Amino acid sequence: MSSTIDPRRQRELVRLLEQMGLEQSKLERINPQGFDWLLIDQSLVHPSFSNTYNNDQLEFVGDSVLRLSVSLFLQERYGDRKVGDLAALRSHLVSDKTLAEIAGIYDLQKYVVVSNAARNDSQALRSLLADALEALMAALYINTQDLAFIRKWLDPHMQRFAEALLAIPALGNYKVALQELTQGRWKRLPEYRNVDTAANNPSNLFSVEVWFDDRCWGKGQGKSIKAAQQEAAAIALQAMSQL
């Protein structure tokens with residue numbers, strides 16, 4: 001792999017970071033050794049494209065950068081709440097679902113380098129975008145050694161999502177909220193059914209349906225059964241609350 005980045009690719013990445021409010025001139029003044037645009041580029045290369053030059057390890061670091069950024073945000077904005085409440089909020093704010101929505105706002109899909117097979121895998125797209133956003137956070141932090149360059153654009157999104165979660169019963173625990181709804185109105189519990197998607201699910205995502213009164217009210221996917229259940233419950237809660 002070349003040690004320099006293609007000028008056209010760098011211009012694309014500059015545009016991406018400018019969308020996030022990060023100006024090229026300010027970024028390049030941060031590091032005396034020079035801002036490493038190649039690292040930014042690598043953060044957006046999916047492992048399906050290259051076995052050696054990809055964002056796998058950066059995503060690993062980015063997971064910690066994300067969790068620290070969100071933890072600080074919650075402590076500063078909602079420090080009067082119990083730790084259990086903050087942990088519940090954080091679990092939603094760092095989820096693939098939330099990250100993929102943020103990635104969509106910045107059209108991150110246009111900048112991610114990925115194999116054709118992975119690009120056409122609609123089931124894996126959300127996880128791919130979430131991983132890329134985490135890797136980008138790692139690249140920004142490694143370059144600047146300053147969380148301010150992540151929180152500058154991340155905090156406003158976290159505020160919006162946190163306010164939406166706090167407006168939901170049971171603090172965004174959709175399973176609990178759905179259970180409270182069905183028990184309160186109909187004195188019965190919903191049923192969660194695992195869906196076998198092994199044949200057409202190369203990304204190993206779990207799929208779950210939530211049923212009530214012989215009807216499927218929501219379908220969800222996630223890296224764990226619990227995450228898939230939460231997504232299915234969120235969809236069902238929205239539909240059943242309107243009855």
# chains A, B, ... in the order shown; residues from 1 in each chain; ligands from 1
$ residues_around --residues "A:Val45" --least-positions-apart "6" --cutoff "6 Å" --atoms "only C-alpha atoms" --output "ChimeraX atom specification"
/A:54-55,112-113
$ residues_around --residues "stretch 83-92 of chain A" --least-positions-apart "5" --cutoff "7 Å" --atoms "only C-alpha atoms" --output "list of chain:residue names"
A:Val70, A:Ser71, A:Leu74, A:Ala162
$ write_last_selection --atoms "all heavy atoms" --output "mmCIF file, in the first residue's frame"
data_model
loop_
_atom_site.group_PDB
_atom_site.id
_atom_site.type_symbol
_atom_site.label_atom_id
_atom_site.label_comp_id
_atom_site.auth_asym_id
_atom_site.auth_seq_id
_atom_site.Cartn_x
_atom_site.Cartn_y
_atom_site.Cartn_z
ATOM 1 N N VAL A 70 -19.490 9.322 24.535
ATOM 2 C CA VAL A 70 -20.895 9.297 24.936
ATOM 3 C C VAL A 70 -21.018 9.323 26.459
ATOM 4 O O VAL A 70 -21.912 9.992 27.004
ATOM 5 C CB VAL A 70 -21.603 8.066 24.345
ATOM 6 C CG1 VAL A 70 -23.016 7.933 24.896
ATOM 7 C CG2 VAL A 70 -21.651 8.161 22.829
ATOM 8 N N SER A 71 -20.129 8.633 27.160
ATOM 9 C CA SER A 71 -20.163 8.637 28.628
ATOM 10 C C SER A 71 -19.946 10.050 29.169
ATOM 11 O O SER A 71 -20.640 10.489 30.094
ATOM 12 C CB SER A 71 -19.104 7.695 29.186
ATOM 13 O OG SER A 71 -19.367 6.358 28.820
ATOM 14 N N LEU A 74 -23.082 12.162 28.511
ATOM 15 C CA LEU A 74 -24.169 11.848 29.439
ATOM 16 C C LEU A 74 -23.881 12.375 30.841
ATOM 17 O O LEU A 74 -24.787 12.890 31.517
ATOM 18 C CB LEU A 74 -24.401 10.336 29.480
ATOM 19 C CG LEU A 74 -24.996 9.716 28.213
ATOM 20 C CD1 LEU A 74 -25.000 8.199 28.308
ATOM 21 C CD2 LEU A 74 -26.417 10.229 27.983
ATOM 22 N N ALA A 162 -30.918 11.174 22.702
ATOM 23 C CA ALA A 162 -31.169 11.030 24.129
ATOM 24 C C ALA A 162 -32.535 11.605 24.497
ATOM 25 O O ALA A 162 -33.283 11.005 25.280
ATOM 26 C CB ALA A 162 -30.073 11.721 24.941
#
$ select_by_dssp --residues "stretch 6-65 of chain A" --states "helix (DSSP H, G or I)" --output "number ranges by chain"
A: 7-19, 24-30, 37-42, 56-65
$ closest_atom_pairs --of "stretch 19-93 of chain A" --to "stretch 143-148 of chain A" --cutoff "8 Å" --atoms "only C-alpha atoms" --output "Markdown table"
| residue | atom | partner | partner_atom | distance |
| --- | --- | --- | --- | --- |
| A:Leu27 | CA | A:Thr144 | CA | 7.6 |
| A:Ile30 | CA | A:Thr144 | CA | 6.1 |
| A:Asn31 | CA | A:Thr144 | CA | 6.5 |
| A:Phe35 | CA | A:Asn143 | CA | 6.2 |
| A:Asp36 | CA | A:Asn143 | CA | 6.5 |
| A:Val65 | CA | A:Leu147 | CA | 7.9 |
| A:Ser69 | CA | A:Leu147 | CA | 6.9 |
$ closest_atom_pairs --of "stretch 66-169 of chain A" --to "stretch 14-21 of chain A" --cutoff "10 Å" --atoms "only C-alpha atoms" --output "Markdown table"
| residue | atom | partner | partner_atom | distance |
| --- | --- | --- | --- | --- |
| A:Ile105 | CA | A:Gln19 | CA | 9.5 |
| A:Tyr106 | CA | A:Gln19 | CA | 6.8 |
| A:Asp107 | CA | A:Leu16 | CA | 8.4 |
| A:Leu108 | CA | A:Leu16 | CA | 7.9 |
| A:Lys110 | CA | A:Leu16 | CA | 9.6 |
| A:Tyr111 | CA | A:Leu16 | CA | 8.0 |
| A:Leu136 | CA | A:Leu17 | CA | 9.9 |
| A:Leu140 | CA | A:Leu17 | CA | 9.8 |
| A:Phe149 | CA | A:Gly21 | CA | 9.1 |
| A:Ile150 | CA | A:Met20 | CA | 9.1 |
| A:Lys152 | CA | A:Gly21 | CA | 7.6 |
| A:Trp153 | CA | A:Met20 | CA | 5.6 |
| A:Leu154 | CA | A:Met20 | CA | 8.6 |
$ residues_around --residues "stretch 204-217 of chain A" --least-positions-apart "2" --cutoff "9 Å" --atoms "only C-alpha atoms" --output "ChimeraX atom specification"
/A:123-124,182,188-198,201-202,219-229,231-233,235-237,239-240
$ select_by_dssp --residues "stretch 14-239 of chain A" --states "strand (DSSP E or B)" --output "mmCIF file with C-alpha atoms, in the first residue's frame"
data_model
loop_
_atom_site.group_PDB
_atom_site.id
_atom_site.type_symbol
_atom_site.label_atom_id
_atom_site.label_comp_id
_atom_site.auth_asym_id
_atom_site.auth_seq_id
_atom_site.Cartn_x
_atom_site.Cartn_y
_atom_site.Cartn_z
ATOM 1 C CA VAL A 45 -11.981 0.687 3.934
ATOM 2 C CA VAL A 113 -14.591 1.416 0.107
ATOM 3 C CA GLU A 191 -44.025 -13.351 22.187
ATOM 4 C CA TYR A 192 -40.562 -13.115 20.608
ATOM 5 C CA ARG A 193 -39.684 -15.604 17.877
ATOM 6 C CA ASN A 194 -36.173 -16.128 16.535
ATOM 7 C CA VAL A 195 -36.015 -16.227 12.740
ATOM 8 C CA PHE A 206 -29.752 -12.256 14.529
ATOM 9 C CA SER A 207 -33.346 -11.754 13.402
ATOM 10 C CA VAL A 208 -36.360 -11.686 15.706
ATOM 11 C CA GLU A 209 -40.102 -11.171 15.287
ATOM 12 C CA VAL A 210 -42.477 -10.024 18.026
ATOM 13 C CA TRP A 211 -45.982 -11.508 17.927
ATOM 14 C CA PHE A 212 -49.175 -10.603 19.725
ATOM 15 C CA ARG A 215 -49.985 -11.127 14.394
ATOM 16 C CA CYS A 216 -46.393 -10.112 13.793
ATOM 17 C CA TRP A 217 -46.056 -6.508 14.965
ATOM 18 C CA GLY A 218 -42.351 -5.960 14.413
ATOM 19 C CA LYS A 219 -39.169 -7.443 13.000
ATOM 20 C CA GLY A 220 -35.668 -6.613 14.195
ATOM 21 C CA GLN A 221 -32.037 -7.448 13.506
ATOM 22 C CA GLY A 222 -28.919 -7.073 15.609
#
$ atom_distance --atom1 "atom CA of A:Arg126" --atom2 "atom CA of A:Glu101"
8.4 Å
$ residues_around --residues "A:Trp37" --least-positions-apart "2" --cutoff "10 Å" --atoms "only C-alpha atoms" --output "PDB file with all heavy atoms, in the first residue's frame"
ATOM      1  N   THR A   4       1.266   7.392   0.594  1.00  0.00           N
ATOM      2  CA  THR A   4       0.605   8.661   0.324  1.00  0.00           C
ATOM      3  C   THR A   4      -0.809   8.398  -0.183  1.00  0.00           C
ATOM      4  O   THR A   4      -1.105   7.336  -0.730  1.00  0.00           O
ATOM      5  CB  THR A   4       1.380   9.479  -0.720  1.00  0.00           C
ATOM      6  OG1 THR A   4       1.481   8.720  -1.936  1.00  0.00           O
ATOM      7  CG2 THR A   4       2.777   9.807  -0.214  1.00  0.00           C
ATOM      8  N   ILE A   5      -1.658   9.375  -0.022  1.00  0.00           N
ATOM      9  CA  ILE A   5      -3.049   9.225  -0.416  1.00  0.00           C
ATOM     10  C   ILE A   5      -3.297   9.925  -1.747  1.00  0.00           C
ATOM     11  O   ILE A   5      -2.689  10.979  -2.030  1.00  0.00           O
ATOM     12  CB  ILE A   5      -3.983   9.794   0.681  1.00  0.00           C
ATOM     13  CG1 ILE A   5      -5.438   9.508   0.338  1.00  0.00           C
ATOM     14  CG2 ILE A   5      -3.746  11.274   0.896  1.00  0.00           C
ATOM     15  CD1 ILE A   5      -6.397   9.852   1.466  1.00  0.00           C
ATOM     16  N   ASP A   6      -4.118   9.342  -2.574  1.00  0.00           N
ATOM     17  CA  ASP A   6      -4.476   9.944  -3.848  1.00  0.00           C
ATOM     18  C   ASP A   6      -5.136  11.305  -3.602  1.00  0.00           C
ATOM     19  O   ASP A   6      -6.040  11.406  -2.763  1.00  0.00           O
ATOM     20  CB  ASP A   6      -5.435   9.020  -4.595  1.00  0.00           C
ATOM     21  CG  ASP A   6      -5.785   9.554  -5.975  1.00  0.00           C
ATOM     22  OD1 ASP A   6      -6.664  10.439  -6.048  1.00  0.00           O
ATOM     23  OD2 ASP A   6      -5.202   9.092  -6.961  1.00  0.00           O
ATOM     24  N   ARG A   9      -8.916  11.298  -3.647  1.00  0.00           N
ATOM     25  CA  ARG A   9      -9.486  10.665  -2.467  1.00  0.00           C
ATOM     26  C   ARG A   9      -9.405  11.619  -1.273  1.00  0.00           C
ATOM     27  O   ARG A   9     -10.346  11.728  -0.484  1.00  0.00           O
ATOM     28  CB  ARG A   9      -8.760   9.360  -2.166  1.00  0.00           C
ATOM     29  CG  ARG A   9      -9.176   8.666  -0.868  1.00  0.00           C
ATOM     30  CD  ARG A   9     -10.626   8.231  -0.877  1.00  0.00           C
ATOM     31  NE  ARG A   9     -10.911   7.337   0.249  1.00  0.00           N
ATOM     32  CZ  ARG A   9     -12.118   6.930   0.593  1.00  0.00           C
ATOM     33  NH1 ARG A   9     -13.178   7.337  -0.092  1.00  0.00           N
ATOM     34  NH2 ARG A   9     -12.290   6.107   1.619  1.00  0.00           N
ATOM     35  N   GLN A  10      -8.282  12.308  -1.130  1.00  0.00           N
ATOM     36  CA  GLN A  10      -8.136  13.240  -0.012  1.00  0.00           C
ATOM     37  C   GLN A  10      -9.176  14.355  -0.101  1.00  0.00           C
ATOM     38  O   GLN A  10      -9.762  14.751   0.916  1.00  0.00           O
ATOM     39  CB  GLN A  10      -6.738  13.839   0.039  1.00  0.00           C
ATOM     40  CG  GLN A  10      -6.553  14.786   1.229  1.00  0.00           C
ATOM     41  CD  GLN A  10      -5.126  15.226   1.426  1.00  0.00           C
ATOM     42  OE1 GLN A  10      -4.188  14.516   1.034  1.00  0.00           O
ATOM     43  NE2 GLN A  10      -4.926  16.389   2.016  1.00  0.00           N
ATOM     44  N   LEU A  13     -12.380  13.092   1.256  1.00  0.00           N
ATOM     45  CA  LEU A  13     -12.363  12.985   2.707  1.00  0.00           C
ATOM     46  C   LEU A  13     -12.438  14.355   3.371  1.00  0.00           C
ATOM     47  O   LEU A  13     -13.057  14.508   4.430  1.00  0.00           O
ATOM     48  CB  LEU A  13     -11.106  12.235   3.163  1.00  0.00           C
ATOM     49  CG  LEU A  13     -10.983  10.797   2.638  1.00  0.00           C
ATOM     50  CD1 LEU A  13      -9.663  10.182   3.080  1.00  0.00           C
ATOM     51  CD2 LEU A  13     -12.155   9.940   3.115  1.00  0.00           C
ATOM     52  N   VAL A  14     -11.814  15.332   2.748  1.00  0.00           N
ATOM     53  CA  VAL A  14     -11.903  16.711   3.255  1.00  0.00           C
ATOM     54  C   VAL A  14     -13.359  17.165   3.246  1.00  0.00           C
ATOM     55  O   VAL A  14     -13.853  17.763   4.209  1.00  0.00           O
ATOM     56  CB  VAL A  14     -11.035  17.667   2.417  1.00  0.00           C
ATOM     57  CG1 VAL A  14     -11.362  19.131   2.734  1.00  0.00           C
ATOM     58  CG2 VAL A  14      -9.554  17.410   2.681  1.00  0.00           C
ATOM     59  N   GLU A  28      -4.997  20.119  10.160  1.00  0.00           N
ATOM     60  CA  GLU A  28      -3.594  19.968   9.773  1.00  0.00           C
ATOM     61  C   GLU A  28      -2.653  20.784  10.646  1.00  0.00           C
ATOM     62  O   GLU A  28      -1.445  20.574  10.614  1.00  0.00           O
ATOM     63  CB  GLU A  28      -3.426  20.328   8.296  1.00  0.00           C
ATOM     64  CG  GLU A  28      -4.117  19.309   7.381  1.00  0.00           C
ATOM     65  CD  GLU A  28      -3.965  19.616   5.905  1.00  0.00           C
ATOM     66  OE1 GLU A  28      -3.668  20.786   5.572  1.00  0.00           O
ATOM     67  OE2 GLU A  28      -4.150  18.690   5.082  1.00  0.00           O
ATOM     68  N   GLY A  34       2.174  16.338  10.953  1.00  0.00           N
ATOM     69  CA  GLY A  34       1.276  16.348   9.805  1.00  0.00           C
ATOM     70  C   GLY A  34       0.061  15.468  10.029  1.00  0.00           C
ATOM     71  O   GLY A  34       0.163  14.390  10.620  1.00  0.00           O
ATOM     72  N   PHE A  35      -1.084  15.937   9.593  1.00  0.00           N
ATOM     73  CA  PHE A  35      -2.321  15.175   9.737  1.00  0.00           C
ATOM     74  C   PHE A  35      -2.262  13.977   8.794  1.00  0.00           C
ATOM     75  O   PHE A  35      -1.965  14.104   7.615  1.00  0.00           O
ATOM     76  CB  PHE A  35      -3.516  16.067   9.389  1.00  0.00           C
ATOM     77  CG  PHE A  35      -4.835  15.479   9.751  1.00  0.00           C
ATOM     78  CD1 PHE A  35      -5.313  15.514  11.050  1.00  0.00           C
ATOM     79  CD2 PHE A  35      -5.629  14.885   8.775  1.00  0.00           C
ATOM     80  CE1 PHE A  35      -6.550  14.976  11.384  1.00  0.00           C
ATOM     81  CE2 PHE A  35      -6.868  14.346   9.101  1.00  0.00           C
ATOM     82  CZ  PHE A  35      -7.321  14.396  10.406  1.00  0.00           C
ATOM     83  N   LEU A  39      -4.686   7.572   7.309  1.00  0.00           N
ATOM     84  CA  LEU A  39      -5.387   6.899   8.393  1.00  0.00           C
ATOM     85  C   LEU A  39      -6.896   7.132   8.288  1.00  0.00           C
ATOM     86  O   LEU A  39      -7.684   6.224   8.556  1.00  0.00           O
ATOM     87  CB  LEU A  39      -4.870   7.407   9.744  1.00  0.00           C
ATOM     88  CG  LEU A  39      -5.225   6.566  10.973  1.00  0.00           C
ATOM     89  CD1 LEU A  39      -4.574   5.197  10.891  1.00  0.00           C
ATOM     90  CD2 LEU A  39      -4.784   7.286  12.250  1.00  0.00           C
ATOM     91  N   ILE A  40      -7.273   8.342   7.889  1.00  0.00           N
ATOM     92  CA  ILE A  40      -8.695   8.629   7.659  1.00  0.00           C
ATOM     93  C   ILE A  40      -9.217   7.751   6.533  1.00  0.00           C
ATOM     94  O   ILE A  40     -10.313   7.179   6.620  1.00  0.00           O
ATOM     95  CB  ILE A  40      -8.905  10.115   7.317  1.00  0.00           C
ATOM     96  CG1 ILE A  40      -8.384  11.014   8.447  1.00  0.00           C
ATOM     97  CG2 ILE A  40     -10.380  10.397   7.053  1.00  0.00           C
ATOM     98  CD1 ILE A  40      -9.106  10.872   9.756  1.00  0.00           C
ATOM     99  N   ASP A  41      -8.430   7.620   5.487  1.00  0.00           N
ATOM    100  CA  ASP A  41      -8.810   6.773   4.359  1.00  0.00           C
ATOM    101  C   ASP A  41      -8.984   5.326   4.808  1.00  0.00           C
ATOM    102  O   ASP A  41      -9.982   4.666   4.491  1.00  0.00           O
ATOM    103  CB  ASP A  41      -7.739   6.853   3.264  1.00  0.00           C
ATOM    104  CG  ASP A  41      -8.015   5.897   2.115  1.00  0.00           C
ATOM    105  OD1 ASP A  41      -9.073   6.024   1.479  1.00  0.00           O
ATOM    106  OD2 ASP A  41      -7.163   5.014   1.861  1.00  0.00           O
ATOM    107  N   GLN A  42      -8.016   4.821   5.576  1.00  0.00           N
ATOM    108  CA  GLN A  42      -8.077   3.429   6.028  1.00  0.00           C
ATOM    109  C   GLN A  42      -9.301   3.167   6.890  1.00  0.00           C
ATOM    110  O   GLN A  42      -9.861   2.065   6.864  1.00  0.00           O
ATOM    111  CB  GLN A  42      -6.810   3.079   6.805  1.00  0.00           C
ATOM    112  CG  GLN A  42      -6.725   1.615   7.209  1.00  0.00           C
ATOM    113  CD  GLN A  42      -5.402   1.264   7.879  1.00  0.00           C
ATOM    114  OE1 GLN A  42      -4.512   2.112   7.987  1.00  0.00           O
ATOM    115  NE2 GLN A  42      -5.266   0.038   8.330  1.00  0.00           N
ATOM    116  N   SER A  43      -9.733   4.167   7.640  1.00  0.00           N
ATOM    117  CA  SER A  43     -10.893   3.981   8.514  1.00  0.00           C
ATOM    118  C   SER A  43     -12.164   3.705   7.721  1.00  0.00           C
ATOM    119  O   SER A  43     -13.143   3.191   8.274  1.00  0.00           O
ATOM    120  CB  SER A  43     -11.092   5.224   9.394  1.00  0.00           C
ATOM    121  OG  SER A  43     -11.616   6.308   8.651  1.00  0.00           O
ATOM    122  N   ALA A 139      -9.630   7.163  13.975  1.00  0.00           N
ATOM    123  CA  ALA A 139      -8.643   7.860  13.133  1.00  0.00           C
ATOM    124  C   ALA A 139      -8.547   9.326  13.519  1.00  0.00           C
ATOM    125  O   ALA A 139      -7.448   9.901  13.542  1.00  0.00           O
ATOM    126  CB  ALA A 139      -9.023   7.706  11.662  1.00  0.00           C
ATOM    127  N   LEU A 140      -9.672   9.945  13.811  1.00  0.00           N
ATOM    128  CA  LEU A 140      -9.660  11.347  14.229  1.00  0.00           C
ATOM    129  C   LEU A 140      -8.960  11.513  15.578  1.00  0.00           C
ATOM    130  O   LEU A 140      -8.162  12.439  15.772  1.00  0.00           O
ATOM    131  CB  LEU A 140     -11.089  11.886  14.313  1.00  0.00           C
ATOM    132  CG  LEU A 140     -11.784  12.195  12.991  1.00  0.00           C
ATOM    133  CD1 LEU A 140     -13.279  12.462  13.212  1.00  0.00           C
ATOM    134  CD2 LEU A 140     -11.130  13.402  12.313  1.00  0.00           C
ATOM    135  N   ASN A 143      -5.178  10.974  15.324  1.00  0.00           N
ATOM    136  CA  ASN A 143      -4.565  12.129  14.668  1.00  0.00           C
ATOM    137  C   ASN A 143      -4.464  13.342  15.579  1.00  0.00           C
ATOM    138  O   ASN A 143      -3.479  14.082  15.540  1.00  0.00           O
ATOM    139  CB  ASN A 143      -5.365  12.508  13.425  1.00  0.00           C
ATOM    140  CG  ASN A 143      -4.748  12.003  12.138  1.00  0.00           C
ATOM    141  OD1 ASN A 143      -3.571  12.218  11.880  1.00  0.00           O
ATOM    142  ND2 ASN A 143      -5.528  11.306  11.331  1.00  0.00           N
TER     143      ASN A 143
END
$ closest_residue --among "A:Ala170, A:Ala103, A:Leu243, A:Leu125" --to "A:Arg185" --atoms "only C-alpha atoms"
A:Leu243
$ closest_residue --among "A:Ala132, A:Leu99, A:Ala117, A:Leu93" --to "A:Leu165" --atoms "only C-alpha atoms"
A:Leu93
$ closest_residue --among "A:Ala234, A:Leu38, A:Tyr78, A:Ala100" --to "A:Gln159" --atoms "only C-alpha atoms"
A:Tyr78
$ closest_residue --among "A:Glu76, A:Gln179, A:Leu133, A:Arg119" --to "A:Gly104" --atoms "only C-alpha atoms"
A:Leu133
$ residues_around --residues "A:Ser115" --least-positions-apart "6" --cutoff "10 Å" --atoms "only C-alpha atoms" --output "count of residues only"
6
$ closest_residue --among "A:Leu178, A:Ala138, A:Ala164, A:Val94" --to "A:Arg67" --atoms "only C-alpha atoms"
A:Val94
$ decode --residues "stretch 202-221 of chain A" --atoms "N, CA, C and O atoms" --output "short mmCIF file (atom, residue, chain, number, x, y, z; two decimals), in the first residue's frame"
data_model
loop_
_atom_site.label_atom_id
_atom_site.label_comp_id
_atom_site.auth_asym_id
_atom_site.auth_seq_id
_atom_site.Cartn_x
_atom_site.Cartn_y
_atom_site.Cartn_z
N PRO A 202 -25.11 -13.76 5.52
CA PRO A 202 -23.67 -13.96 5.68
C PRO A 202 -23.05 -13.12 6.77
O PRO A 202 -21.94 -13.36 7.19
N SER A 203 -23.76 -12.12 7.27
CA SER A 203 -23.20 -11.23 8.28
C SER A 203 -23.44 -11.72 9.70
O SER A 203 -23.07 -11.06 10.66
N ASN A 204 -24.10 -12.86 9.84
CA ASN A 204 -24.35 -13.46 11.15
C ASN A 204 -25.15 -12.55 12.07
O ASN A 204 -24.92 -12.51 13.29
N LEU A 205 -26.06 -11.78 11.52
CA LEU A 205 -26.96 -10.97 12.33
C LEU A 205 -28.13 -11.82 12.80
O LEU A 205 -28.59 -12.70 12.09
N PHE A 206 -28.60 -11.55 14.00
CA PHE A 206 -29.75 -12.26 14.53
C PHE A 206 -31.02 -11.54 14.09
O PHE A 206 -31.06 -10.31 14.01
N SER A 207 -32.05 -12.31 13.79
CA SER A 207 -33.35 -11.75 13.40
C SER A 207 -34.42 -12.27 14.34
O SER A 207 -34.45 -13.45 14.69
N VAL A 208 -35.31 -11.36 14.75
CA VAL A 208 -36.36 -11.69 15.71
C VAL A 208 -37.66 -11.03 15.27
O VAL A 208 -37.66 -9.91 14.75
N GLU A 209 -38.77 -11.73 15.49
CA GLU A 209 -40.10 -11.17 15.29
C GLU A 209 -40.82 -11.12 16.62
O GLU A 209 -40.62 -11.99 17.48
N VAL A 210 -41.66 -10.10 16.82
CA VAL A 210 -42.48 -10.02 18.03
C VAL A 210 -43.94 -10.19 17.61
O VAL A 210 -44.42 -9.51 16.71
N TRP A 211 -44.60 -11.15 18.26
CA TRP A 211 -45.98 -11.51 17.93
C TRP A 211 -46.91 -11.21 19.10
O TRP A 211 -46.54 -11.32 20.26
N PHE A 212 -48.13 -10.82 18.73
CA PHE A 212 -49.17 -10.60 19.72
C PHE A 212 -50.52 -10.83 19.06
O PHE A 212 -50.80 -10.28 17.98
N ASP A 213 -51.35 -11.68 19.66
CA ASP A 213 -52.66 -12.02 19.11
C ASP A 213 -52.56 -12.52 17.67
O ASP A 213 -53.26 -12.02 16.77
N ASP A 214 -51.66 -13.49 17.45
CA ASP A 214 -51.50 -14.13 16.15
C ASP A 214 -51.11 -13.16 15.03
O ASP A 214 -51.41 -13.39 13.86
N ARG A 215 -50.44 -12.10 15.40
CA ARG A 215 -49.98 -11.13 14.39
C ARG A 215 -48.56 -10.70 14.69
O ARG A 215 -48.21 -10.46 15.85
N CYS A 216 -47.77 -10.61 13.65
CA CYS A 216 -46.39 -10.11 13.79
C CYS A 216 -46.44 -8.59 13.76
O CYS A 216 -46.84 -7.99 12.76
N TRP A 217 -45.99 -7.96 14.85
CA TRP A 217 -46.06 -6.51 14.96
C TRP A 217 -44.72 -5.83 14.67
O TRP A 217 -44.67 -4.61 14.49
N GLY A 218 -43.65 -6.59 14.66
CA GLY A 218 -42.35 -5.96 14.41
C GLY A 218 -41.27 -6.98 14.14
O GLY A 218 -41.30 -8.09 14.67
N LYS A 219 -40.32 -6.60 13.30
CA LYS A 219 -39.17 -7.44 13.00
C LYS A 219 -37.89 -6.64 13.27
O LYS A 219 -37.81 -5.47 12.92
N GLY A 220 -36.91 -7.31 13.87
CA GLY A 220 -35.67 -6.61 14.20
C GLY A 220 -34.45 -7.46 13.91
O GLY A 220 -34.52 -8.69 13.88
N GLN A 221 -33.32 -6.78 13.71
CA GLN A 221 -32.04 -7.45 13.51
C GLN A 221 -30.99 -6.82 14.41
O GLN A 221 -31.08 -5.64 14.77
#
